[in-house]
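Novice: What follows is the file query29.txt, containing compact mmCIF, C-alpha atoms:
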# COMPACT_ATOMS: atom_id res chain seq x y z
CA MET A 1 10.21 -9.05 28.47
CA ARG A 2 6.65 -7.88 28.05
CA THR A 3 5.13 -4.58 29.09
CA LYS A 4 2.42 -6.40 31.00
CA GLY A 5 -0.40 -4.56 32.67
CA ASN A 6 -3.09 -2.27 31.45
CA ALA A 7 -2.63 -2.61 27.69
CA TRP A 8 -6.39 -2.93 27.16
CA PRO A 9 -6.92 0.86 26.82
CA VAL A 10 -4.50 0.89 23.88
CA ALA A 11 -6.24 -2.09 22.27
CA THR A 12 -9.66 -0.52 22.83
CA LEU A 13 -8.73 2.88 21.41
CA ILE A 14 -6.99 1.41 18.35
CA GLY A 15 -9.81 -1.08 17.76
CA LEU A 16 -12.53 1.58 17.97
CA GLY A 17 -10.43 3.85 15.75
CA ALA A 18 -10.23 1.08 13.16
CA ALA A 19 -14.01 0.65 13.25
CA ALA A 20 -14.64 4.38 12.88
CA TYR A 21 -12.18 4.52 9.98
CA THR A 22 -14.48 2.21 8.01
CA ALA A 23 -17.50 4.52 8.35
CA TRP A 24 -17.27 5.30 4.62
CA VAL A 25 -18.86 1.89 3.93
CA LEU A 26 -22.13 3.52 4.99
CA GLU A 27 -22.24 4.91 1.45
CA VAL A 28 -23.54 1.46 0.48
CA VAL A 29 -26.81 2.15 2.30
CA LEU A 30 -26.87 5.95 2.30
CA SER A 31 -27.75 8.03 -0.73
CA THR A 32 -24.53 10.00 -1.20
CA GLY A 33 -24.80 10.52 -4.96
CA LEU A 34 -21.09 9.69 -5.36
CA ASN A 35 -19.72 6.76 -7.35
CA PRO A 36 -17.42 4.76 -5.03
CA ILE A 37 -15.40 3.49 -7.98
CA GLU A 38 -14.44 6.93 -9.23
CA THR A 39 -14.52 9.40 -6.32
CA TYR A 40 -12.16 10.25 -3.48
CA VAL A 41 -13.21 8.92 -0.09
CA SER A 42 -12.71 12.45 1.27
CA GLU A 43 -15.35 13.76 -1.13
CA LEU A 44 -17.96 12.09 1.07
CA ALA A 45 -17.04 14.70 3.71
CA ALA A 46 -17.00 17.68 1.33
CA GLN A 47 -18.90 20.73 2.53
CA ASP A 48 -21.39 20.60 -0.35
CA GLN A 49 -22.29 16.93 0.22
CA PRO A 50 -25.52 16.03 2.05
CA MET A 51 -23.80 13.55 4.39
CA GLY A 52 -20.62 15.61 4.75
CA GLY A 53 -21.13 16.35 8.44
CA LEU A 54 -21.53 12.66 9.28
CA PHE A 55 -18.34 11.63 7.52
CA ARG A 56 -16.35 14.53 8.95
CA ALA A 57 -17.44 13.45 12.43
CA THR A 58 -16.42 9.83 11.86
CA ASP A 59 -13.06 10.92 10.41
CA PHE A 60 -12.38 13.08 13.45
CA THR A 61 -13.41 10.29 15.81
CA ALA A 62 -11.24 7.71 14.04
CA GLY A 63 -8.25 10.04 14.05
CA MET A 64 -8.51 11.00 17.70
CA LEU A 65 -8.96 7.41 18.84
CA ALA A 66 -5.89 6.25 16.90
CA PHE A 67 -3.88 9.26 18.07
CA LEU A 68 -4.72 8.72 21.74
CA GLY A 69 -4.11 4.98 21.49
CA ALA A 70 -0.67 5.54 19.93
CA LEU A 71 0.29 8.18 22.51
CA LEU A 72 -0.69 5.82 25.30
CA ALA A 73 1.38 3.05 23.70
CA LEU A 74 4.39 5.37 23.44
CA ALA A 75 3.94 6.37 27.07
CA ARG A 76 3.94 2.71 28.07
CA LEU A 77 7.16 2.14 26.13
CA THR A 78 8.73 5.05 28.01
CA ARG A 79 7.94 3.31 31.30
CA HIS A 80 9.31 -0.05 30.08
CA PRO A 81 12.81 0.47 28.63
CA GLU A 82 13.19 -3.26 27.87
CA SER A 83 10.51 -2.94 25.21
CA ARG A 84 11.56 0.46 23.88
CA ARG A 85 12.87 -0.96 20.62
CA THR A 86 13.53 1.21 17.58
CA TRP A 87 10.95 -0.34 15.26
CA ALA A 88 8.28 -0.20 17.96
CA VAL A 89 8.88 3.50 18.69
CA ILE A 90 8.88 4.38 14.98
CA GLY A 91 5.73 2.35 14.42
CA TRP A 92 3.70 3.88 17.23
CA ALA A 93 4.92 7.35 16.27
CA GLY A 94 3.64 6.65 12.75
CA ILE A 95 0.24 5.67 14.09
CA ALA A 96 0.17 8.86 16.17
CA LEU A 97 0.90 10.93 13.06
CA PHE A 98 -1.79 9.05 11.15
CA GLY A 99 -4.33 9.74 13.88
CA ALA A 100 -3.51 13.42 14.26
CA ALA A 101 -3.55 14.07 10.51
CA THR A 102 -6.79 12.12 10.03
CA ALA A 103 -8.45 14.21 12.74
CA ALA A 104 -7.11 17.35 11.03
CA ASP A 105 -8.70 16.19 7.76
CA ALA A 106 -12.10 16.58 9.36
CA TRP A 107 -11.40 20.26 10.06
CA LEU A 108 -10.01 20.85 6.58
CA PRO A 109 -12.76 19.50 4.31
CA LEU A 110 -13.01 19.97 0.57
CA SER A 111 -15.56 22.60 -0.42
CA CYS A 112 -16.79 20.51 -3.36
CA ALA A 113 -16.23 17.19 -5.13
CA PRO A 114 -13.76 17.62 -8.02
CA THR A 115 -14.13 14.13 -9.51
CA VAL A 116 -17.86 14.56 -10.15
CA ASP A 117 -18.15 18.34 -10.48
CA PRO A 118 -16.28 19.72 -13.54
CA GLU A 119 -16.72 23.28 -12.27
CA CYS A 120 -15.14 22.30 -8.96
CA ALA A 121 -12.26 20.57 -10.77
CA ALA A 122 -11.70 23.66 -12.94
CA ARG A 123 -11.68 25.97 -9.91
CA GLU A 124 -9.26 23.65 -8.14
CA THR A 125 -6.91 23.61 -11.15
CA ALA A 126 -7.07 27.41 -11.34
CA GLY A 127 -6.44 27.78 -7.61
CA LEU A 128 -9.84 29.37 -7.01
CA VAL A 129 -10.97 26.99 -4.27
CA PRO A 130 -10.57 27.67 -0.53
CA ALA A 131 -7.13 27.10 0.99
CA THR A 132 -8.57 24.09 2.81
CA HIS A 133 -8.23 22.10 -0.44
CA GLN A 134 -4.44 22.40 -0.36
CA ALA A 135 -4.35 21.97 3.41
CA HIS A 136 -6.50 18.86 3.07
CA ALA A 137 -4.09 17.44 0.50
CA VAL A 138 -1.22 17.98 2.94
CA SER A 139 -3.02 16.47 5.93
CA SER A 140 -4.20 13.48 3.88
CA SER A 141 -0.66 12.87 2.65
CA LEU A 142 0.65 13.05 6.22
CA ALA A 143 -2.07 10.66 7.38
CA MET A 144 -1.16 8.03 4.81
CA THR A 145 2.56 8.55 5.42
CA GLY A 146 1.97 7.95 9.11
CA ALA A 147 -0.19 4.92 8.42
CA LEU A 148 2.38 3.34 6.10
CA THR A 149 5.17 4.06 8.57
CA GLY A 150 3.23 2.48 11.40
CA ILE A 151 2.09 -0.52 9.38
CA VAL A 152 5.57 -1.35 8.12
CA ALA A 153 7.49 -0.58 11.33
CA LEU A 154 5.21 -2.40 13.76
CA THR A 155 4.96 -5.39 11.45
CA VAL A 156 8.77 -5.49 11.30
CA ALA A 157 8.84 -5.18 15.10
CA ALA A 158 6.44 -8.09 15.46
CA ARG A 159 8.58 -10.29 13.22
CA ARG A 160 11.99 -9.18 14.51
CA TYR A 161 11.28 -9.09 18.25
CA GLY A 162 8.92 -12.06 18.47
CA TRP A 163 6.01 -9.84 19.51
CA PHE A 164 2.35 -9.77 18.51
CA ALA A 165 1.93 -13.29 17.07
CA PRO A 166 -1.22 -12.43 15.07
CA LEU A 167 0.45 -9.35 13.56
CA ALA A 168 3.66 -11.27 12.85
CA ARG A 169 1.66 -13.93 11.02
CA TYR A 170 -0.78 -11.86 8.97
CA GLY A 171 0.86 -8.44 8.95
CA PRO A 172 3.28 -9.02 6.05
CA ALA A 173 0.44 -9.93 3.68
CA LEU A 174 -1.49 -6.80 4.67
CA VAL A 175 1.65 -4.70 4.22
CA ALA A 176 2.15 -6.04 0.69
CA LEU A 177 -1.49 -5.43 -0.23
CA GLU A 178 -1.39 -1.95 1.29
CA LEU A 179 1.67 -1.00 -0.74
CA LEU A 180 0.02 -2.24 -3.94
CA ALA A 181 -3.17 -0.31 -3.14
CA THR A 182 -1.10 2.81 -2.45
CA VAL A 183 0.67 2.53 -5.82
CA TRP A 184 -2.73 2.12 -7.51
CA THR A 185 -4.13 5.15 -5.70
CA LEU A 186 -1.15 7.41 -6.38
CA THR A 187 -1.11 6.42 -10.06
CA ALA A 188 -4.84 7.11 -10.39
CA ILE A 189 -4.47 10.51 -8.69
CA ALA A 190 -1.64 11.40 -11.08
CA MET A 191 -3.77 10.40 -14.08
CA PHE A 192 -6.75 12.39 -12.81
CA THR A 193 -4.60 15.44 -12.15
CA ALA A 194 -3.25 15.18 -15.69
CA GLY A 195 -6.79 15.07 -17.06
CA ARG A 196 -6.63 11.43 -18.15
CA GLY A 197 -9.63 10.09 -16.27
CA THR A 198 -9.97 8.65 -12.78
CA TRP A 199 -8.56 5.14 -13.38
CA ALA A 200 -10.93 3.75 -10.72
CA LEU A 201 -9.36 6.14 -8.22
CA GLY A 202 -12.15 5.60 -5.72
CA ALA A 203 -11.82 1.82 -5.73
CA GLY A 204 -8.08 2.02 -5.19
CA GLN A 205 -8.33 4.53 -2.37
CA ARG A 206 -11.15 2.63 -0.67
CA LEU A 207 -9.06 -0.53 -0.79
CA GLN A 208 -6.15 1.45 0.64
CA VAL A 209 -8.09 2.78 3.64
CA LEU A 210 -9.87 -0.55 4.18
CA LEU A 211 -6.52 -2.31 4.48
CA VAL A 212 -5.33 0.32 6.98
CA ALA A 213 -8.45 -0.33 9.06
CA LEU A 214 -7.99 -4.11 8.88
CA TRP A 215 -4.36 -3.77 9.93
CA LEU A 216 -5.32 -1.51 12.85
CA GLY A 217 -7.89 -4.09 13.92
CA LEU A 218 -5.23 -6.79 13.77
CA LEU A 219 -2.89 -4.59 15.83
CA ALA A 220 -5.61 -4.00 18.43
CA TRP A 221 -6.24 -7.73 18.71
CA SER A 222 -2.50 -8.41 19.04
CA VAL A 223 -2.13 -5.82 21.81
CA HIS A 224 -5.14 -7.24 23.63
CA LYS A 225 -3.95 -10.83 23.28
CA GLU A 226 -0.37 -10.26 24.43
CA ARG A 227 -0.99 -7.36 26.83
CA ARG A 228 1.93 -5.38 25.48
CA THR A 229 2.72 -2.38 23.27
Represent the structure of the file as structure tokens.
Specialist:
Amino acid sequence: MRTKGNAWPVATLIGLGAAAYTAWVLEVVLSTGLNPIETYVSELAAQDQPMGGLFRATDFTAGMLAFLGALLALARLTRHPESRRTWAVIGWAGIALFGAATAADAWLPLSCAPTVDPECAARETAGLVPATHQAHAVSSSLAMTGALTGIVALTVAARRYGWFAPLARYGPALVALELLATVWTLTAIAMFTAGRGTWALGAGQRLQVLLVALWLGLLAWSVHKERRT
């Protein structure tokens, strides 16, 4: 039984959140001075970067839109017990965590860009950077944990419960690609932390966040098409 009715606000919020989450592609046309193959996406929003304010604003917008969309979806599930399935609740809770942590990222920016500034990297290793660096690492980890939880759980829900035909069809491929991109990103971060180069860290992380945005867009379309959460 479907939770028919006003599902369009959920679809709109998640869809707009997905669009805002791709704002980093503006680096293609803006002069950021950062190499997208080697640098963290979050370095675009660092306090010492010329476009930092713009990217912090888009991060906050993306996070809040996803957070509000997920909360609204959870509220709808509360009102419709027949659709309050375990995988759906876990999935939307994951998206809510992703949104909240992404919004928090914007308020906990890096002070400098460690992948391109050796002095910044040295200060970070020595623990001489502001506490926001560590807090940012925590919030970013929570954001990706939430995203992965939501992506996997809602894709499982779509397949298991016969919901969200577009997500059930294309979601598994996006999940597989997202997991591969996450492994790439985590491996590259470990190598960089160990002083062994960046291993195309920026490319891996940009692929990771792009796939999250594409999946969110697919979710928004599925919600809109089937008028359910």
Novice: So how many Å separate CA of Gly17 in chain A and CA of Glu38 in chain A, to one decimal?
Specialist: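 Computed distance, CA of Gly17 in chain A to CA of Glu38 in chain A, equals 25.5 Å.
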Novice: Need to verify the contact set: Trp87 in chain A, 7 Å, only C-alpha atoms, exclusion of same-chain residues closer than 3 positions in sequence. Can you return it as a VMD selection string?
Specialist: chain A and resid 90 to 91 153 to 154 156 to 157
Novice: Show which residues sit within 12 Å of Ala131 in chain A, as a PyMOL selection string. Count only C-alpha atoms, and ignore same-chain residues fewer than 4 positions away.
Specialist: chain A and resi 108-111+123-124+127+135-138
Novice: Go through range 64-128 of chain A and flag each residue having an atom no more than 12 Å from range 213-225 of chain A; for those, report the closest pair of atoms plus their distance in Å to one decimal, using all atoms listed in the file, ordered by chain and rising number, as JSON lines.
Specialist:
{"residue": "A:Leu65", "atom": "CA", "partner": "A:Leu216", "partner_atom": "CA", "distance": 11.3}
{"residue": "A:Ala66", "atom": "CA", "partner": "A:Leu216", "partner_atom": "CA", "distance": 8.8}
{"residue": "A:Gly69", "atom": "CA", "partner": "A:Ala220", "partner_atom": "CA", "distance": 9.6}
{"residue": "A:Ala70", "atom": "CA", "partner": "A:Ala220", "partner_atom": "CA", "distance": 10.8}
{"residue": "A:Ala73", "atom": "CA", "partner": "A:Val223", "partner_atom": "CA", "distance": 9.7}
{"residue": "A:Gly91", "atom": "CA", "partner": "A:Leu219", "partner_atom": "CA", "distance": 11.2}
{"residue": "A:Trp92", "atom": "CA", "partner": "A:Leu219", "partner_atom": "CA", "distance": 10.8}
{"residue": "A:Ile95", "atom": "CA", "partner": "A:Leu216", "partner_atom": "CA", "distance": 9.2}
{"residue": "A:Phe98", "atom": "CA", "partner": "A:Leu216", "partner_atom": "CA", "distance": 11.3}
{"residue": "A:Gly99", "atom": "CA", "partner": "A:Leu216", "partner_atom": "CA", "distance": 11.3}
Novice: Go through A:Thr115, A:Gln134, A:Ala147, A:Ala75 one by one, measure the shortest atom-to-atom distance of each to Ala200 in chain A using all atoms listed in the file, and give the residue with the smallest value.
Specialist: A:Thr115
Novice: In Å, with one decimal, what is the gap from CA of Val28 in chain A to CA of His133 in chain A?
Specialist: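 Going from CA of Val28 in chain A over to CA of His133 in chain A, I get 25.7 Å.
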Novice: Could you tell me which of A:Val209, A:Leu34, A:Leu186, A:Ala62 comes closest to Gly15 in chain A if we count all atoms listed in the file?
Specialist: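 Smallest distance to Gly15 in chain A is found for A:Ala62.
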Novice: To one decimal place in Å, what is the distance between CA of Leu207 in chain A and CA of Val25 in chain A?
Specialist: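 Those two atoms sit 11.1 Å apart.
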Novice: Would you mind telling me which residue in A:Tyr170, A:Trp163, A:Trp184, A:Trp199 lies nearest to Ser83 in chain A when using only C-alpha atoms?
Specialist: A:Trp163
Novice: Which polymer residues, whether protein, DNA or RNA, lie within 8 Å of the coordinate (-11.0, 17.7, -13.4) when you count all atoms listed in the file? List them as a list of chain:residue names, using the chain letters and numbers from the file.
Specialist: A:Pro114, A:Thr115, A:Asp117, A:Pro118, A:Cys120, A:Ala121, A:Ala122, A:Thr125, A:Phe192, A:Thr193, A:Gly195
Novice: Calculated over only C-alpha atoms, which of the candidates A:Leu13, A:Val212, A:Met191, A:Leu72 has the smallest distance to Leu177 in chain A?
Specialist: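 Looking at the shortest contact to Leu177 in chain A, the residue is A:Val212.
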Novice: Give as a ChimeraX atom specification each residue that has an atom at most 10 Å from (-15.6, 13.4, 1.9) in the file, counting only C-alpha atoms.
Specialist: /A:24,34,39-49,51-56,59,105-106,109-113
Novice: Quick one: residues within 9 Å of Thr182 in chain A, all atoms listed in the file counted, chain neighbours fewer than 5 positions away excluded, as a list in words?
Specialist: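 Contacts, in chain order: Met144, Leu177, Thr187, Gly204, Gln205, Leu207 and Gln208 of chain A.
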Novice: Would you list the contacts of Thr145 in chain A as a PyMOL selection string, taking every protein, DNA or RNA residue within 9 Å and counting all atoms listed in the file, but skipping same-chain residues closer than 4 positions in sequence?
Specialist: chain A and resi 94+97-98+140-141+149-150
Novice: Give me, as a list in words, all polymer residues having an atom no more than 8 Å from Val89 in chain A, counting only C-alpha atoms and skipping those fewer than 5 positions away in the same chain.
Specialist: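 Non-adjacent residues within range: Leu74, Leu77 and Arg84 of chain A.
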Novice: Could the residues in this selection be written to a file with C-alpha atoms, as a JSON list (two decimals), keeping the file's coordinate frame?
Specialist:
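Saved the output as selection07.json:
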[["chain", "number", "residue", "atom", "x", "y", "z"],
["A", 74, "LEU", "CA", 4.39, 5.37, 23.44],
["A", 77, "LEU", "CA", 7.16, 2.14, 26.13],
["A", 84, "ARG", "CA", 11.56, 0.46, 23.88]]
